[in-house]
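What's in model01.cif: mmCIF, N, CA and C atoms
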data_start
loop_
_atom_site.label_atom_id
_atom_site.label_comp_id
_atom_site.auth_asym_id
_atom_site.auth_seq_id
_atom_site.Cartn_x
_atom_site.Cartn_y
_atom_site.Cartn_z
N MET A 187 148.23 269.37 37.57
CA MET A 187 148.06 269.32 36.12
C MET A 187 146.86 270.18 35.73
N GLN A 188 147.06 270.97 34.71
CA GLN A 188 145.97 271.79 34.21
C GLN A 188 144.99 270.93 33.42
N SER A 189 143.69 271.15 33.63
CA SER A 189 142.70 270.44 32.84
C SER A 189 141.47 271.32 32.63
N ILE A 190 140.74 271.00 31.57
CA ILE A 190 139.51 271.72 31.24
C ILE A 190 138.44 270.69 30.88
N SER A 191 137.19 271.11 30.94
CA SER A 191 136.07 270.26 30.56
C SER A 191 135.84 270.38 29.04
N VAL A 192 135.04 269.48 28.50
CA VAL A 192 134.73 269.58 27.07
C VAL A 192 133.91 270.84 26.81
N GLN A 193 133.13 271.28 27.79
CA GLN A 193 132.37 272.52 27.63
C GLN A 193 133.32 273.71 27.51
N GLN A 194 134.37 273.73 28.34
CA GLN A 194 135.36 274.80 28.25
C GLN A 194 136.12 274.71 26.93
N LEU A 195 136.45 273.48 26.51
CA LEU A 195 137.15 273.30 25.23
C LEU A 195 136.33 273.88 24.09
N ARG A 196 135.03 273.63 24.10
CA ARG A 196 134.16 274.10 23.02
C ARG A 196 134.17 275.62 22.91
N GLU A 197 134.38 276.31 24.04
CA GLU A 197 134.36 277.78 24.06
C GLU A 197 135.72 278.39 23.76
N ARG A 198 136.78 277.58 23.77
CA ARG A 198 138.12 278.11 23.55
C ARG A 198 138.33 278.43 22.08
N GLU A 199 139.08 279.49 21.84
CA GLU A 199 139.42 279.86 20.47
C GLU A 199 140.91 280.10 20.37
N GLY A 200 141.49 279.67 19.28
CA GLY A 200 142.89 279.95 19.03
C GLY A 200 143.88 279.10 19.81
N VAL A 201 143.39 278.06 20.49
CA VAL A 201 144.28 277.16 21.24
C VAL A 201 144.34 275.83 20.49
N PRO A 202 145.51 275.43 19.98
CA PRO A 202 145.60 274.16 19.25
C PRO A 202 145.18 272.98 20.11
N LEU A 203 144.59 271.97 19.46
CA LEU A 203 144.15 270.75 20.13
C LEU A 203 144.87 269.57 19.52
N ILE A 204 145.59 268.82 20.36
CA ILE A 204 146.34 267.65 19.92
C ILE A 204 145.61 266.39 20.39
N ASP A 205 145.26 265.52 19.45
CA ASP A 205 144.58 264.26 19.74
C ASP A 205 145.65 263.17 19.75
N VAL A 206 145.89 262.54 20.92
CA VAL A 206 146.98 261.58 21.05
C VAL A 206 146.53 260.13 20.86
N ARG A 207 145.32 259.92 20.33
CA ARG A 207 144.86 258.57 20.04
C ARG A 207 145.54 258.04 18.78
N GLU A 208 145.40 256.75 18.56
CA GLU A 208 145.99 256.13 17.37
C GLU A 208 145.21 256.57 16.12
N PRO A 209 145.84 256.51 14.94
CA PRO A 209 145.20 257.00 13.71
C PRO A 209 143.82 256.39 13.42
N ASP A 210 143.63 255.11 13.72
CA ASP A 210 142.32 254.50 13.45
C ASP A 210 141.25 255.06 14.38
N GLU A 211 141.60 255.36 15.63
CA GLU A 211 140.65 255.96 16.56
C GLU A 211 140.29 257.38 16.10
N TYR A 212 141.32 258.12 15.70
CA TYR A 212 141.13 259.49 15.22
C TYR A 212 140.22 259.51 13.99
N ALA A 213 140.47 258.59 13.05
CA ALA A 213 139.68 258.52 11.82
C ALA A 213 138.22 258.17 12.09
N ALA A 214 137.98 257.43 13.17
CA ALA A 214 136.61 257.03 13.52
C ALA A 214 135.77 258.21 14.02
N GLY A 215 136.41 259.29 14.41
CA GLY A 215 135.71 260.48 14.87
C GLY A 215 136.55 261.27 15.85
N HIS A 216 136.72 262.57 15.57
CA HIS A 216 137.53 263.42 16.45
C HIS A 216 136.89 264.80 16.58
N VAL A 217 137.31 265.51 17.60
CA VAL A 217 136.85 266.87 17.83
C VAL A 217 137.28 267.72 16.63
N PRO A 218 136.37 268.50 16.06
CA PRO A 218 136.74 269.33 14.91
C PRO A 218 137.97 270.19 15.19
N GLY A 219 138.90 270.18 14.26
CA GLY A 219 140.12 270.97 14.38
C GLY A 219 141.27 270.28 15.09
N ALA A 220 141.01 269.12 15.69
CA ALA A 220 142.08 268.40 16.41
C ALA A 220 143.12 267.87 15.42
N VAL A 221 144.38 267.93 15.83
CA VAL A 221 145.49 267.41 15.03
C VAL A 221 145.93 266.10 15.66
N ASN A 222 146.05 265.05 14.85
CA ASN A 222 146.42 263.73 15.37
C ASN A 222 147.92 263.59 15.50
N MET A 223 148.38 263.34 16.74
CA MET A 223 149.78 263.05 17.04
C MET A 223 149.76 261.91 18.06
N PRO A 224 149.72 260.66 17.60
CA PRO A 224 149.56 259.53 18.51
C PRO A 224 150.59 259.50 19.64
N MET A 225 150.10 259.14 20.82
CA MET A 225 150.98 259.03 22.00
C MET A 225 152.16 258.11 21.71
N SER A 226 151.91 257.05 20.93
CA SER A 226 152.95 256.06 20.66
C SER A 226 154.12 256.64 19.85
N THR A 227 153.89 257.75 19.14
CA THR A 227 154.96 258.34 18.33
C THR A 227 155.31 259.75 18.78
N LEU A 228 154.68 260.22 19.86
CA LEU A 228 154.86 261.61 20.28
C LEU A 228 156.30 261.96 20.60
N GLY A 229 157.04 261.01 21.17
CA GLY A 229 158.44 261.27 21.50
C GLY A 229 159.26 261.69 20.29
N GLU A 230 158.89 261.18 19.12
CA GLU A 230 159.60 261.53 17.88
C GLU A 230 159.16 262.88 17.32
N HIS A 231 158.04 263.41 17.84
CA HIS A 231 157.46 264.62 17.25
C HIS A 231 157.33 265.78 18.23
N VAL A 232 158.07 265.73 19.33
CA VAL A 232 157.97 266.80 20.32
C VAL A 232 158.25 268.16 19.69
N ASP A 233 159.18 268.20 18.76
CA ASP A 233 159.51 269.48 18.11
C ASP A 233 158.39 269.99 17.23
N ASP A 234 157.42 269.14 16.89
CA ASP A 234 156.29 269.54 16.05
C ASP A 234 155.13 270.10 16.86
N LEU A 235 155.22 270.02 18.19
CA LEU A 235 154.14 270.53 19.03
C LEU A 235 154.07 272.05 18.94
N PRO A 236 152.87 272.60 19.15
CA PRO A 236 152.72 274.07 19.05
C PRO A 236 153.56 274.80 20.08
N GLU A 237 153.98 276.00 19.71
CA GLU A 237 154.62 276.88 20.69
C GLU A 237 153.49 277.57 21.42
N GLY A 238 153.65 277.78 22.71
CA GLY A 238 152.58 278.39 23.48
C GLY A 238 151.60 277.34 23.97
N PRO A 239 150.50 277.78 24.57
CA PRO A 239 149.56 276.84 25.17
C PRO A 239 148.84 275.98 24.14
N PHE A 240 148.56 274.73 24.51
CA PHE A 240 147.76 273.84 23.67
C PHE A 240 147.05 272.83 24.56
N ASP A 241 145.98 272.24 24.01
CA ASP A 241 145.19 271.26 24.73
C ASP A 241 145.48 269.88 24.18
N VAL A 242 145.32 268.85 25.04
CA VAL A 242 145.59 267.46 24.66
C VAL A 242 144.35 266.63 24.99
N ILE A 243 143.93 265.81 24.01
CA ILE A 243 142.73 264.99 24.18
C ILE A 243 143.01 263.56 23.73
N CYS A 244 142.30 262.61 24.36
CA CYS A 244 142.32 261.21 23.91
C CYS A 244 140.88 260.73 23.90
N GLN A 245 140.61 259.48 24.24
CA GLN A 245 139.22 258.99 24.23
C GLN A 245 138.50 259.29 25.53
N VAL A 246 139.14 259.00 26.67
CA VAL A 246 138.47 259.23 27.96
C VAL A 246 139.27 260.11 28.92
N GLY A 247 140.50 260.45 28.59
CA GLY A 247 141.29 261.36 29.41
C GLY A 247 142.51 260.76 30.07
N GLY A 248 142.68 259.44 30.03
CA GLY A 248 143.83 258.81 30.68
C GLY A 248 145.14 259.02 29.94
N ARG A 249 145.15 258.69 28.65
CA ARG A 249 146.38 258.87 27.87
C ARG A 249 146.77 260.34 27.80
N SER A 250 145.79 261.20 27.57
CA SER A 250 146.11 262.62 27.46
C SER A 250 146.66 263.17 28.78
N ALA A 251 146.15 262.66 29.92
CA ALA A 251 146.67 263.11 31.22
C ALA A 251 148.13 262.72 31.36
N ARG A 252 148.49 261.51 30.95
CA ARG A 252 149.90 261.09 31.03
C ARG A 252 150.77 261.94 30.10
N VAL A 253 150.26 262.23 28.91
CA VAL A 253 151.01 263.06 27.96
C VAL A 253 151.20 264.47 28.53
N VAL A 254 150.14 265.04 29.09
CA VAL A 254 150.23 266.39 29.66
C VAL A 254 151.25 266.42 30.79
N GLU A 255 151.25 265.40 31.66
CA GLU A 255 152.24 265.35 32.75
C GLU A 255 153.66 265.34 32.18
N ALA A 256 153.89 264.52 31.15
CA ALA A 256 155.23 264.43 30.56
C ALA A 256 155.63 265.74 29.88
N LEU A 257 154.70 266.36 29.17
CA LEU A 257 155.03 267.59 28.45
C LEU A 257 155.22 268.77 29.38
N THR A 258 154.40 268.87 30.43
CA THR A 258 154.59 269.98 31.36
C THR A 258 155.90 269.82 32.12
N ALA A 259 156.32 268.57 32.36
CA ALA A 259 157.62 268.34 33.00
C ALA A 259 158.75 268.85 32.12
N ARG A 260 158.51 268.91 30.80
CA ARG A 260 159.51 269.44 29.86
C ARG A 260 159.36 270.95 29.68
N GLY A 261 158.42 271.55 30.40
CA GLY A 261 158.25 272.99 30.34
C GLY A 261 157.24 273.46 29.31
N LEU A 262 156.49 272.53 28.70
CA LEU A 262 155.48 272.93 27.71
C LEU A 262 154.17 273.28 28.41
N ASP A 263 153.37 274.14 27.78
CA ASP A 263 152.12 274.62 28.37
C ASP A 263 150.95 273.81 27.82
N ALA A 264 150.80 272.58 28.34
CA ALA A 264 149.78 271.65 27.86
C ALA A 264 148.66 271.52 28.90
N THR A 265 147.42 271.39 28.41
CA THR A 265 146.25 271.25 29.27
C THR A 265 145.47 270.00 28.84
N ASN A 266 145.09 269.18 29.81
CA ASN A 266 144.32 267.97 29.55
C ASN A 266 142.84 268.28 29.39
N VAL A 267 142.17 267.57 28.47
CA VAL A 267 140.72 267.69 28.32
C VAL A 267 140.08 266.53 29.08
N ASP A 268 139.44 266.85 30.21
CA ASP A 268 138.79 265.83 31.04
C ASP A 268 137.68 265.12 30.26
N GLY A 269 137.66 263.80 30.34
CA GLY A 269 136.61 263.03 29.69
C GLY A 269 136.86 262.72 28.23
N GLY A 270 137.76 263.46 27.61
CA GLY A 270 138.18 263.19 26.24
C GLY A 270 137.09 263.27 25.19
N THR A 271 137.37 262.62 24.07
CA THR A 271 136.48 262.64 22.92
C THR A 271 135.14 262.00 23.27
N GLY A 272 135.16 261.00 24.16
CA GLY A 272 133.91 260.37 24.58
C GLY A 272 132.98 261.36 25.25
N ALA A 273 133.52 262.18 26.15
CA ALA A 273 132.70 263.18 26.85
C ALA A 273 132.22 264.25 25.87
N TRP A 274 133.05 264.59 24.88
CA TRP A 274 132.66 265.57 23.85
C TRP A 274 131.42 265.06 23.11
N ALA A 275 131.47 263.80 22.69
CA ALA A 275 130.34 263.20 21.95
C ALA A 275 129.10 263.07 22.86
N GLU A 276 129.32 262.66 24.12
CA GLU A 276 128.20 262.51 25.06
C GLU A 276 127.52 263.84 25.33
N ALA A 277 128.27 264.94 25.24
CA ALA A 277 127.70 266.27 25.46
C ALA A 277 126.88 266.73 24.25
N GLY A 278 126.91 265.92 23.18
CA GLY A 278 126.13 266.25 22.00
C GLY A 278 126.88 267.09 20.98
N TYR A 279 128.18 267.24 21.17
CA TYR A 279 128.98 268.02 20.23
C TYR A 279 129.39 267.13 19.07
N GLY A 280 129.44 267.69 17.88
CA GLY A 280 129.74 266.91 16.69
C GLY A 280 131.19 266.46 16.58
N LEU A 281 131.37 265.35 15.86
CA LEU A 281 132.71 264.83 15.58
C LEU A 281 132.98 264.93 14.08
N GLU A 282 134.24 265.15 13.74
CA GLU A 282 134.67 265.10 12.34
C GLU A 282 135.18 263.71 12.05
N ARG A 283 134.99 263.26 10.81
CA ARG A 283 135.50 261.94 10.40
C ARG A 283 136.30 262.11 9.14
#
Render the structure in this file as C-alpha cells.
Amino acid sequence: MQSISVQQLREREGVPLIDVREPDEYAAGHVPGAVNMPMSTLGEHVDDLPEGPFDVICQVGGRSARVVEALTARGLDATNVDGGTGAWAEAGYGLER
C-alpha cells in the first residue's frame, strides 16, 4: 500500500485529499483543502472520487489505510496519509474548521 507522511502531504500540490472521517470529526478540524467523504458512505460515492492520484486521511491512519486497500483493489490510485489528522496537528500544521 502506498503511504506518505504528513510532512510529505504538506509539500504536495495538486493532489486531492479525501478525509474519510465522519462529518462531526471533520467539522471539529481537518487538513486545509480536504474533502469529506465518510468511510461509512464511501461505497455510495465511489463514482465521486477524483480521477487520477489522490490521498486519503482519517484521524490516526487506520480507517484511511482500509479505504486505500479497498480502492487500490478496484484499480484507483489512492495513497494513505500515515498518522492522519492527529499527526498533522501534532506536527504543528494548522487545521480548518
Practice item. Just the residues within 5 Å of stretch 245-258 of chain A, please, counting all atoms listed in the file, with nothing from its chain fewer than 5 positions along; format it as a ChimeraX atom specification. Key: /A:269-272
**Study point:** d(atom CA of A:Val192, atom CA of A:Leu262) in Å
**Key:**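 Those two atoms sit 21.0 Å apart.
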Point to revise | Straight-line distance linking atom CA of A:Ala213 with atom CA of A:His231, stated in Å to one decimal | key: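 A separation of 19.6 Å between them.
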Check your understanding: When the PyMOL selection byres (((chain A and resi 220-228 and name CA) around 10) and name CA) is applied to the file above, which residues end up in the set, as a PyMOL selection string?
Key -> chain A and resi 202-209+211-213+216-219+229-235+241-244+249-250+252-253+282
Check your understanding: atom CA of A:Ala273 and atom CA of A:Glu237 are how many Å apart?
Key ->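 Spanning atom CA of A:Ala273 to atom CA of A:Glu237 is a straight-line distance of 26.6 Å.
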Review point. Which of these residues is nearest to A:Trp274, using only N, CA and C atoms: A:Ser191, A:Ala259, A:Arg198, A:Pro236?
Key: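 Nearest candidate to A:Trp274 out of A:Ser191, A:Ala259, A:Arg198, A:Pro236: A:Ser191.
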Check your understanding: Using only N, CA and C atoms, which of A:Pro239, A:Gly280, A:Ala264, A:Val201 sits nearest A:Met187?
Key ->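 The closest residue to A:Met187 is A:Ala264.
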Review point. Which of stretch 205-260 of chain A counts as helix (DSSP H, G or I) under DSSP, as a ChimeraX atom specification please?
Key: /A:209-214,225-234,248-259
Point to revise | Distance criterion (all atoms listed in the file): nearest to A:Thr265 out of A:Ala277, A:Arg283, A:Gly200, A:Phe240 | key: A:Phe240
